[in-house]
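Q: My questions all concern the structure below.
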Amino acid sequence: MADTMRGVYTNLTEIRRSVFREVAKICYKLDAQGESTEELDKEFDELPYQILPGDVATYRESVFLERAIISERIRLAMGLPLSSMDRPERVSEGFEKAANSDEVFYEPPLINVIKFACNACKDNVYEVTNACQGCLAHPCREICPKKAISFRDKKAYIDQDACVKCGMCFKTCPYHAIHHHVRPCADACGMHAIGSDEHGRADINYDKCVSCGQCLINCPFGAIADKSQIAQVIWSIARGEEVIAAVAPAFVGQFGGKGNVGKLREAFKLLGFSGVEEVALGADLCTCQEADDFLDEVPDKLPFMGTSCCPAWSVMAKREFPEHADCISMALTPMTLTARMIRMQHPDAKIVFVGPCSAKKLEAMRKSVRSEVDFVLTFEEMAGMMDAKGIDYLSLEDDNKSDFDVASTDGRNFAVAGGVATAVVNAIHRRYPDREVNVVNAEGLDDCRKMMKDAVKGKYPGYLIEGMACPGGCVAGAGTLVAINRSAAAVKRYAKRSPHVNATENSYRMLIPVLEKGFTKQDEDLEVSESMEATKGTAE
């Protein structure tokens with residue numbers, strides 16, 4: 001069931017993007033008009049009424065409920081915690097602290113359930129539908145191990161108190177008349193971190209959550225949302241700081257066009273950014289690091305090696321298989337490597353990672369990474385900023401020649417499932433053409449877990465294993481704008497345009513020893529604990 005809504009522009013998509021756009025508009029006023037925080041407070045408080053005007057509900061039973069939900073989305077878009085349900089609270093409460101802070105304003109948890117927006121969907125429940133024909137054979141009743149099925153008015157009936165959710169009736173009904181209800185957000189969660197509270201509403205177990213964001217894009221009621229740093233990025237620009245964007249390779253096609261770097265540069269310039277760099281550059285260096293790690297350690301020191309670039313996969317693997325945590329590569333992620341390179345030339349700049357991933361926000365909040373990356377925005381949040389400034393991406397000028405001209409084809413293909421492992425294997429073969437490198441990869445955390453279990457049992461001796469939390473890879477991240485297959489195809493076309501094929505051709509690889517400096521195994525060992533701290537924080 002997961003990902004059934006991906007690539008479909010729904011009412012929920014419109015609401016989410018309207019919130020990003022309108023929040024960005026107000027934040028830009030702090031710079032353009034010099035309005036006081038009191039005036040902006042008022043605008044934020046009135047924003048739910050602007051987004052949902054009138055007295056007739058559009059999506060739910062009450063317009064007041066709709067506006068209450070929008071209010072919570074506005075707060076999360078500003079990086080603020082959800083409102084307290086025990087006392088009156090303005091939409092803008094806490095805004096002044098966020099506006100005047102020079103630090104990253106972010107209070108965990110990152111992923112939040114807006115409780116009164118949740119539909120309290122049935123989860124793992126089998127029910128008989130109207131398709132039941134009351135057939136003579138009654139196979140559903142006969143196969144039930146707990147005698148939970150009886151017949152009423154010639155129709156099958158399941159006693160939910162007796163049902164053990166084995167699904168045998170579901171599988172055996174010749175008319176497919178038994179439906180298995182699954183909560184969409186829980187079905188999408190590969191960490192099995194979503195349960196139900198006492199009212200049947202979705203509840204996240206933050207001891208398990210790795211902030212992949214798959215739940216928030218699969219909830220049809222829009223009851224789950226993550227916090228944004230749109231406001232903090234805009235205010236950093238407004239203060240006149242040097243703000244540089246590091247754009248993930250999955251950007252191709254997200255805003256329209258066909259990987260038009262000239263348009264991308266112009267868009268970021270109009271938004272107030274001082275510059276923009278390609279994170280695929282860091283992917284090249286990550287490839288070289290992982291190739292070296294593999295050659296040095298597998299199979300003599302390690303039975304296998306897992307890739308490191310997906311933070312949700314990496315944290316899951318180390319948390320659930322602690323005795324094999326060393327088998328996950330210590331290579332710095334492309335985001336961190338790119339940020340360190342930028343900071344070498346721009347030591348005082350604010351660096352903004354722009355990409356498809358919700359979990360990158362979690363990675364950036366780790367104490368050992370926080371000094372490298374100041375803010376993280378998704379493509380969807382960036383699109384909201386463009387809308388707020390009235391930027392029509394496709395109409396921007398492009399010389400059709402401009403390119404980043406640095407990263408390799410393999411580095412740019414990091415965005416697509418299988419791309420990381422392919423890049424590492426190609427880098428190894430550049431040095432040792434006859435070296436056999438066996439590879440296995442998995443997409444989605446459930447499949448990643450199965451792969452890791454098999455690796456631990458010895459099924460993949462000497463293998464390079466690639467894990468991606470999002471089915472399809474980074475192009476399927478929670479912050480993307482277009483259908484997964486379209487994005488993957490666009491990335492592959494763009495990657496072929498690179499003047500370099502192999503990551504080892506990147507001249508910046510000579511900087512790896514300098515970029516690694518200060519990053520120790522102790523920092524790597526802290527990944528799980530720091531990620532847990534950034535995920536959970538304090539109860540809101």
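Here's how to read the names in the structure tokens: chain A, B, ... by the order shown, residue numbers from 1 in each chain, ligand numbers from 1 in the order shown.
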Write out as JSON lines a residue-level contact list of range 262-372 of chain A versus range 218-228 of chain A with cut-off 12 Å: for each qualifying residue the closest pair of atoms and the distance in Å to one decimal, counting only C-alpha atoms, rows sorted by chain and residue number upward.

A:
```
{"residue": "A:Val354", "atom": "CA", "partner": "A:Ser228", "partner_atom": "CA", "distance": 11.8}
{"residue": "A:Cys357", "atom": "CA", "partner": "A:Asp226", "partner_atom": "CA", "distance": 11.1}
{"residue": "A:Ser358", "atom": "CA", "partner": "A:Asp226", "partner_atom": "CA", "distance": 7.7}
{"residue": "A:Ala359", "atom": "CA", "partner": "A:Asp226", "partner_atom": "CA", "distance": 10.1}
{"residue": "A:Lys360", "atom": "CA", "partner": "A:Ser228", "partner_atom": "CA", "distance": 11.8}
{"residue": "A:Lys361", "atom": "CA", "partner": "A:Ser228", "partner_atom": "CA", "distance": 8.8}
{"residue": "A:Leu362", "atom": "CA", "partner": "A:Lys227", "partner_atom": "CA", "distance": 10.5}
```

Q: Write the residues you've just listed into a file as a CSV table (one decimal), in the first residue's frame, and include N, CA, C and O atoms for each of them.

A:
```
chain,number,residue,atom,x,y,z
A,354,VAL,N,20.2,21.3,0.5
A,354,VAL,CA,18.9,21.3,-0.2
A,354,VAL,C,18.7,20.0,-0.9
A,354,VAL,O,19.5,19.6,-1.8
A,357,CYS,N,15.5,14.8,1.3
A,357,CYS,CA,15.5,13.9,2.4
A,357,CYS,C,15.1,14.5,3.7
A,357,CYS,O,15.6,15.6,4.1
A,358,SER,N,14.2,13.9,4.5
A,358,SER,CA,13.8,14.3,5.8
A,358,SER,C,14.9,13.9,6.8
A,358,SER,O,15.2,14.6,7.7
A,359,ALA,N,15.5,12.7,6.6
A,359,ALA,CA,16.5,12.2,7.6
A,359,ALA,C,17.8,13.1,7.6
A,359,ALA,O,18.5,13.0,8.6
A,360,LYS,N,18.0,13.8,6.5
A,360,LYS,CA,19.2,14.7,6.5
A,360,LYS,C,19.0,15.8,7.6
A,360,LYS,O,20.1,16.3,8.1
A,361,LYS,N,17.8,16.2,7.9
A,361,LYS,CA,17.6,17.1,9.0
A,361,LYS,C,18.1,16.5,10.3
A,361,LYS,O,18.7,17.2,11.1
A,362,LEU,N,17.8,15.3,10.4
A,362,LEU,CA,18.3,14.6,11.6
A,362,LEU,C,19.8,14.5,11.6
A,362,LEU,O,20.4,14.7,12.7
```

Q: Find the residues near Ile69 in chain A: any atom within 10 Å, counting only C-alpha atoms, skip ones fewer than 5 places away on the same chain, and give them as a PDB file with N, CA and C atoms, in the first residue's frame.

A:
```
ATOM      1  N   PRO A  48      -3.986  31.195   8.925  1.00  0.00           N
ATOM      2  CA  PRO A  48      -4.942  30.097   8.705  1.00  0.00           C
ATOM      3  C   PRO A  48      -6.230  30.559   8.025  1.00  0.00           C
ATOM      4  N   VAL A  63     -14.715  23.863   9.510  1.00  0.00           N
ATOM      5  CA  VAL A  63     -13.667  24.765   9.055  1.00  0.00           C
ATOM      6  C   VAL A  63     -12.761  25.144  10.216  1.00  0.00           C
ATOM      7  N   PHE A  64     -13.294  25.097  11.441  1.00  0.00           N
ATOM      8  CA  PHE A  64     -12.480  25.424  12.610  1.00  0.00           C
ATOM      9  C   PHE A  64     -11.418  24.343  12.850  1.00  0.00           C
ATOM     10  N   ILE A  74       1.667  25.439  10.207  1.00  0.00           N
ATOM     11  CA  ILE A  74       2.404  26.704  10.146  1.00  0.00           C
ATOM     12  C   ILE A  74       3.501  26.710  11.204  1.00  0.00           C
ATOM     13  N   ILE A 114       0.039  15.388  14.289  1.00  0.00           N
ATOM     14  CA  ILE A 114      -0.970  16.354  14.718  1.00  0.00           C
ATOM     15  C   ILE A 114      -2.184  15.523  15.113  1.00  0.00           C
ATOM     16  N   LYS A 115      -2.345  15.290  16.394  1.00  0.00           N
ATOM     17  CA  LYS A 115      -3.282  14.280  16.879  1.00  0.00           C
ATOM     18  C   LYS A 115      -4.715  14.496  16.397  1.00  0.00           C
ATOM     19  N   PHE A 116      -5.193  15.744  16.447  1.00  0.00           N
ATOM     20  CA  PHE A 116      -6.600  15.966  16.071  1.00  0.00           C
ATOM     21  C   PHE A 116      -6.808  15.971  14.558  1.00  0.00           C
ATOM     22  N   ALA A 117      -5.730  15.789  13.802  1.00  0.00           N
ATOM     23  CA  ALA A 117      -5.859  15.622  12.343  1.00  0.00           C
ATOM     24  C   ALA A 117      -5.915  14.146  11.970  1.00  0.00           C
ATOM     25  N   GLY A 222      -2.938  13.874   6.139  1.00  0.00           N
ATOM     26  CA  GLY A 222      -1.977  14.939   6.423  1.00  0.00           C
ATOM     27  C   GLY A 222      -1.772  15.181   7.898  1.00  0.00           C
ATOM     28  N   ALA A 223      -1.862  14.113   8.694  1.00  0.00           N
ATOM     29  CA  ALA A 223      -1.754  14.263  10.144  1.00  0.00           C
ATOM     30  C   ALA A 223      -0.315  14.210  10.641  1.00  0.00           C
TER      31      ALA A 223
END
```

Q: So, with only C-alpha atoms as the atoms that count, which of A:Phe170, A:Tyr494, A:Phe304, A:Phe273 lies closest to Ala325 in chain A?

A: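 Result for the nearest residue to Ala325 in chain A: A:Phe304.
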
Q: Skip Lys517 in chain A itself and residues of its chain fewer than 6 positions away, then list as a PDB file with all heavy atoms, in the first residue's frame all residues within 12 Å of it, counting only C-alpha atoms.

A:
```pdb
ATOM      1  N   LEU A 332      32.521   9.663   5.463  1.00  0.00           N
ATOM      2  CA  LEU A 332      31.635  10.811   5.672  1.00  0.00           C
ATOM      3  C   LEU A 332      30.591  10.844   4.562  1.00  0.00           C
ATOM      4  O   LEU A 332      30.858  10.427   3.435  1.00  0.00           O
ATOM      5  CB  LEU A 332      32.445  12.111   5.667  1.00  0.00           C
ATOM      6  CG  LEU A 332      33.440  12.286   6.826  1.00  0.00           C
ATOM      7  CD1 LEU A 332      34.350  13.469   6.550  1.00  0.00           C
ATOM      8  CD2 LEU A 332      32.704  12.471   8.141  1.00  0.00           C
ATOM      9  N   LEU A 337      30.816  16.018   3.448  1.00  0.00           N
ATOM     10  CA  LEU A 337      32.030  16.265   2.675  1.00  0.00           C
ATOM     11  C   LEU A 337      31.916  17.543   1.846  1.00  0.00           C
ATOM     12  O   LEU A 337      32.855  18.349   1.788  1.00  0.00           O
ATOM     13  CB  LEU A 337      32.314  15.071   1.764  1.00  0.00           C
ATOM     14  CG  LEU A 337      32.892  13.824   2.455  1.00  0.00           C
ATOM     15  CD1 LEU A 337      32.764  12.603   1.554  1.00  0.00           C
ATOM     16  CD2 LEU A 337      34.360  14.055   2.834  1.00  0.00           C
ATOM     17  N   ARG A 340      32.099  20.593   4.100  1.00  0.00           N
ATOM     18  CA  ARG A 340      33.472  20.870   4.550  1.00  0.00           C
ATOM     19  C   ARG A 340      34.300  21.524   3.456  1.00  0.00           C
ATOM     20  O   ARG A 340      35.131  22.402   3.725  1.00  0.00           O
ATOM     21  CB  ARG A 340      34.135  19.578   5.034  1.00  0.00           C
ATOM     22  CG  ARG A 340      33.589  19.087   6.362  1.00  0.00           C
ATOM     23  CD  ARG A 340      34.408  17.953   6.955  1.00  0.00           C
ATOM     24  NE  ARG A 340      33.918  17.605   8.273  1.00  0.00           N
ATOM     25  CZ  ARG A 340      34.545  16.783   9.122  1.00  0.00           C
ATOM     26  NH1 ARG A 340      35.703  16.245   8.767  1.00  0.00           N
ATOM     27  NH2 ARG A 340      34.035  16.516  10.308  1.00  0.00           N
ATOM     28  N   LEU A 511      41.735  16.049  -1.442  1.00  0.00           N
ATOM     29  CA  LEU A 511      41.400  16.762  -0.212  1.00  0.00           C
ATOM     30  C   LEU A 511      40.858  15.841   0.872  1.00  0.00           C
ATOM     31  O   LEU A 511      40.653  16.282   2.006  1.00  0.00           O
ATOM     32  CB  LEU A 511      40.354  17.851  -0.508  1.00  0.00           C
ATOM     33  CG  LEU A 511      40.788  19.023  -1.388  1.00  0.00           C
ATOM     34  CD1 LEU A 511      39.592  19.923  -1.660  1.00  0.00           C
ATOM     35  CD2 LEU A 511      41.910  19.806  -0.717  1.00  0.00           C
ATOM     36  N   ASP A 523      33.448   9.605  16.901  1.00  0.00           N
ATOM     37  CA  ASP A 523      32.340  10.372  16.306  1.00  0.00           C
ATOM     38  C   ASP A 523      31.376   9.427  15.607  1.00  0.00           C
ATOM     39  O   ASP A 523      30.157   9.579  15.704  1.00  0.00           O
ATOM     40  CB  ASP A 523      32.865  11.400  15.298  1.00  0.00           C
ATOM     41  CG  ASP A 523      33.684  12.493  15.954  1.00  0.00           C
ATOM     42  OD1 ASP A 523      33.285  12.941  17.032  1.00  0.00           O
ATOM     43  OD2 ASP A 523      34.717  12.872  15.384  1.00  0.00           O
TER      44      ASP A 523
END
```

Q: For range 187-292 of chain A against range 416-440 of chain A, with a cut-off of 7 Å and counting only C-alpha atoms, what is the closest atom pair and its distance in Å to one decimal for every residue that makes the cut, ordered by chain and number, as CSV?

A:
```
residue,atom,partner,partner_atom,distance
A:Thr287,CA,A:Val424,CA,5.2
A:Cys288,CA,A:Ala427,CA,6.7
A:Glu290,CA,A:Val424,CA,6.6
A:Ala291,CA,A:Val424,CA,5.3
```

Q: So what do you get for CA of Met85 in chain A versus CA of Asn112 in chain A, distance-wise?

A: 14.4 Å

Q: Might you pull out every residue within 12 Å of Leu65 in chain A, with only C-alpha atoms counted and same-chain residues fewer than 5 positions away left off, and present them as a list in words?

A: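 Listed by chain and then number, they are Pro48, Tyr49, Leu52, Asp55, Val56, Ala57, Thr58, Tyr59, Arg60, Ile70, Ser71, Glu72, Ile114, Lys115, Phe116, Ala117 and Cys118 of chain A.
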
Q: Report the closest atom pair, with its distance in Å rounded to one decimal, for each residue of range 462-482 of chain A that has an atom no farther than 8 Å from range 310-319 of chain A; count only C-alpha atoms, sort by chain and then rising residue number, and write it as a tab-separated table.

A:
```
residue	atom	partner	partner_atom	distance
A:Gly467	CA	A:Trp313	CA	5.8
A:Met468	CA	A:Trp313	CA	6.0
A:Ala469	CA	A:Trp313	CA	5.4
```

Q: Between CA of Glu363 in chain A and CA of His324 in chain A, what is the spacing in Å?

A: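 A separation of 20.6 Å between them.
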
Q: Report, in Å to a single decimal, how far apart CA of Val113 in chain A and CA of Gln160 in chain A are.

A: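 These atoms are spaced 27.0 Å apart.
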
Q: Got a sec to tell me which of range 257-447 of chain A DSSP assigns to helix (DSSP H, G or I), as a PyMOL selection string?

A: chain A and resi 261-271+280-297+311-320+322-327+334-345+359-364+367-370+379-388+393-395+409-415+419-431+445-447

Q: For Cys166 in chain A, find every residue with an atom within 10 Å (counting only C-alpha atoms), except residues of its own chain fewer than 2 positions away, and show them as a PyMOL selection string.

A: chain A and resi 124+126+144-146+163-164+168-171

Q: Glu93 in chain A: which residues within 12 Å, counting only C-alpha atoms, same-chain residues fewer than 3 positions away excluded, as a ChimeraX atom specification?

A: /A:37-38,40-42,44-45,71-72,74-76,78-84,88-90,96-99

Q: Keeping only N, CA and C atoms, write the selected residues as a short mmCIF file (atom, residue, chain, number, x, y, z; two decimals), in the first residue's frame.

A:
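This went into part.cif:
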```cif
data_model
loop_
_atom_site.label_atom_id
_atom_site.label_comp_id
_atom_site.auth_asym_id
_atom_site.auth_seq_id
_atom_site.Cartn_x
_atom_site.Cartn_y
_atom_site.Cartn_z
N THR A 37 8.43 42.30 14.81
CA THR A 37 7.96 40.95 15.10
C THR A 37 6.52 40.96 15.55
N GLU A 38 6.05 42.06 16.17
CA GLU A 38 4.66 42.14 16.58
C GLU A 38 3.74 42.13 15.36
N LEU A 40 4.50 40.90 12.40
CA LEU A 40 4.59 39.57 11.78
C LEU A 40 3.83 38.54 12.61
N ASP A 41 3.85 38.69 13.92
CA ASP A 41 3.05 37.81 14.78
C ASP A 41 1.59 37.82 14.35
N LYS A 42 1.10 39.03 14.11
CA LYS A 42 -0.29 39.18 13.70
C LYS A 42 -0.55 38.51 12.35
N PHE A 44 1.06 35.96 11.05
CA PHE A 44 1.06 34.51 11.24
C PHE A 44 -0.25 34.04 11.87
N ASP A 45 -0.77 34.82 12.82
CA ASP A 45 -2.02 34.45 13.48
C ASP A 45 -3.20 34.48 12.51
N SER A 71 -2.92 25.68 11.42
CA SER A 71 -2.13 26.41 12.42
C SER A 71 -0.95 25.59 12.89
N GLU A 72 -1.17 24.30 13.12
CA GLU A 72 -0.08 23.43 13.56
C GLU A 72 0.95 23.25 12.44
N ILE A 74 1.67 25.44 10.21
CA ILE A 74 2.40 26.70 10.15
C ILE A 74 3.50 26.71 11.20
N ARG A 75 3.16 26.28 12.41
CA ARG A 75 4.15 26.25 13.48
C ARG A 75 5.32 25.31 13.12
N LEU A 76 5.00 24.14 12.60
CA LEU A 76 6.05 23.21 12.22
C LEU A 76 6.90 23.75 11.08
N MET A 78 7.67 26.72 10.68
CA MET A 78 8.57 27.72 11.28
C MET A 78 9.60 27.08 12.21
N GLY A 79 9.56 25.75 12.31
CA GLY A 79 10.49 25.06 13.19
C GLY A 79 10.06 25.05 14.63
N LEU A 80 8.81 25.44 14.90
CA LEU A 80 8.31 25.51 16.26
C LEU A 80 7.63 24.21 16.66
N PRO A 81 7.53 23.94 17.97
CA PRO A 81 6.83 22.73 18.41
C PRO A 81 5.33 22.86 18.23
N LEU A 82 4.63 21.74 18.27
CA LEU A 82 3.17 21.76 18.22
C LEU A 82 2.62 22.54 19.41
N SER A 83 1.44 23.10 19.24
CA SER A 83 0.81 23.88 20.31
C SER A 83 0.47 22.99 21.50
N SER A 84 0.45 23.61 22.66
CA SER A 84 -0.01 22.90 23.85
C SER A 84 -1.52 22.75 23.78
N PRO A 88 -4.59 28.11 26.01
CA PRO A 88 -4.65 28.87 24.75
C PRO A 88 -3.24 29.24 24.29
N GLU A 89 -3.03 29.19 22.98
CA GLU A 89 -1.70 29.48 22.44
C GLU A 89 -1.84 30.06 21.04
N ARG A 90 -1.17 31.18 20.80
CA ARG A 90 -1.20 31.80 19.48
C ARG A 90 -0.39 30.99 18.49
N GLU A 96 9.24 34.97 18.08
CA GLU A 96 10.29 35.96 18.30
C GLU A 96 11.62 35.30 18.63
N LYS A 97 11.56 34.22 19.41
CA LYS A 97 12.78 33.49 19.74
C LYS A 97 13.42 32.92 18.48
N ALA A 98 12.57 32.39 17.59
CA ALA A 98 13.08 31.83 16.34
C ALA A 98 13.65 32.92 15.44
N ALA A 99 12.97 34.07 15.39
CA ALA A 99 13.40 35.15 14.50
C ALA A 99 14.72 35.78 14.93
#
```

Q: Please return as number ranges by chain: the residues of range 292-459 of chain A that backbone DSSP assigns to strand (DSSP E).

A: A: 305-306, 350-355, 375-378, 439-443
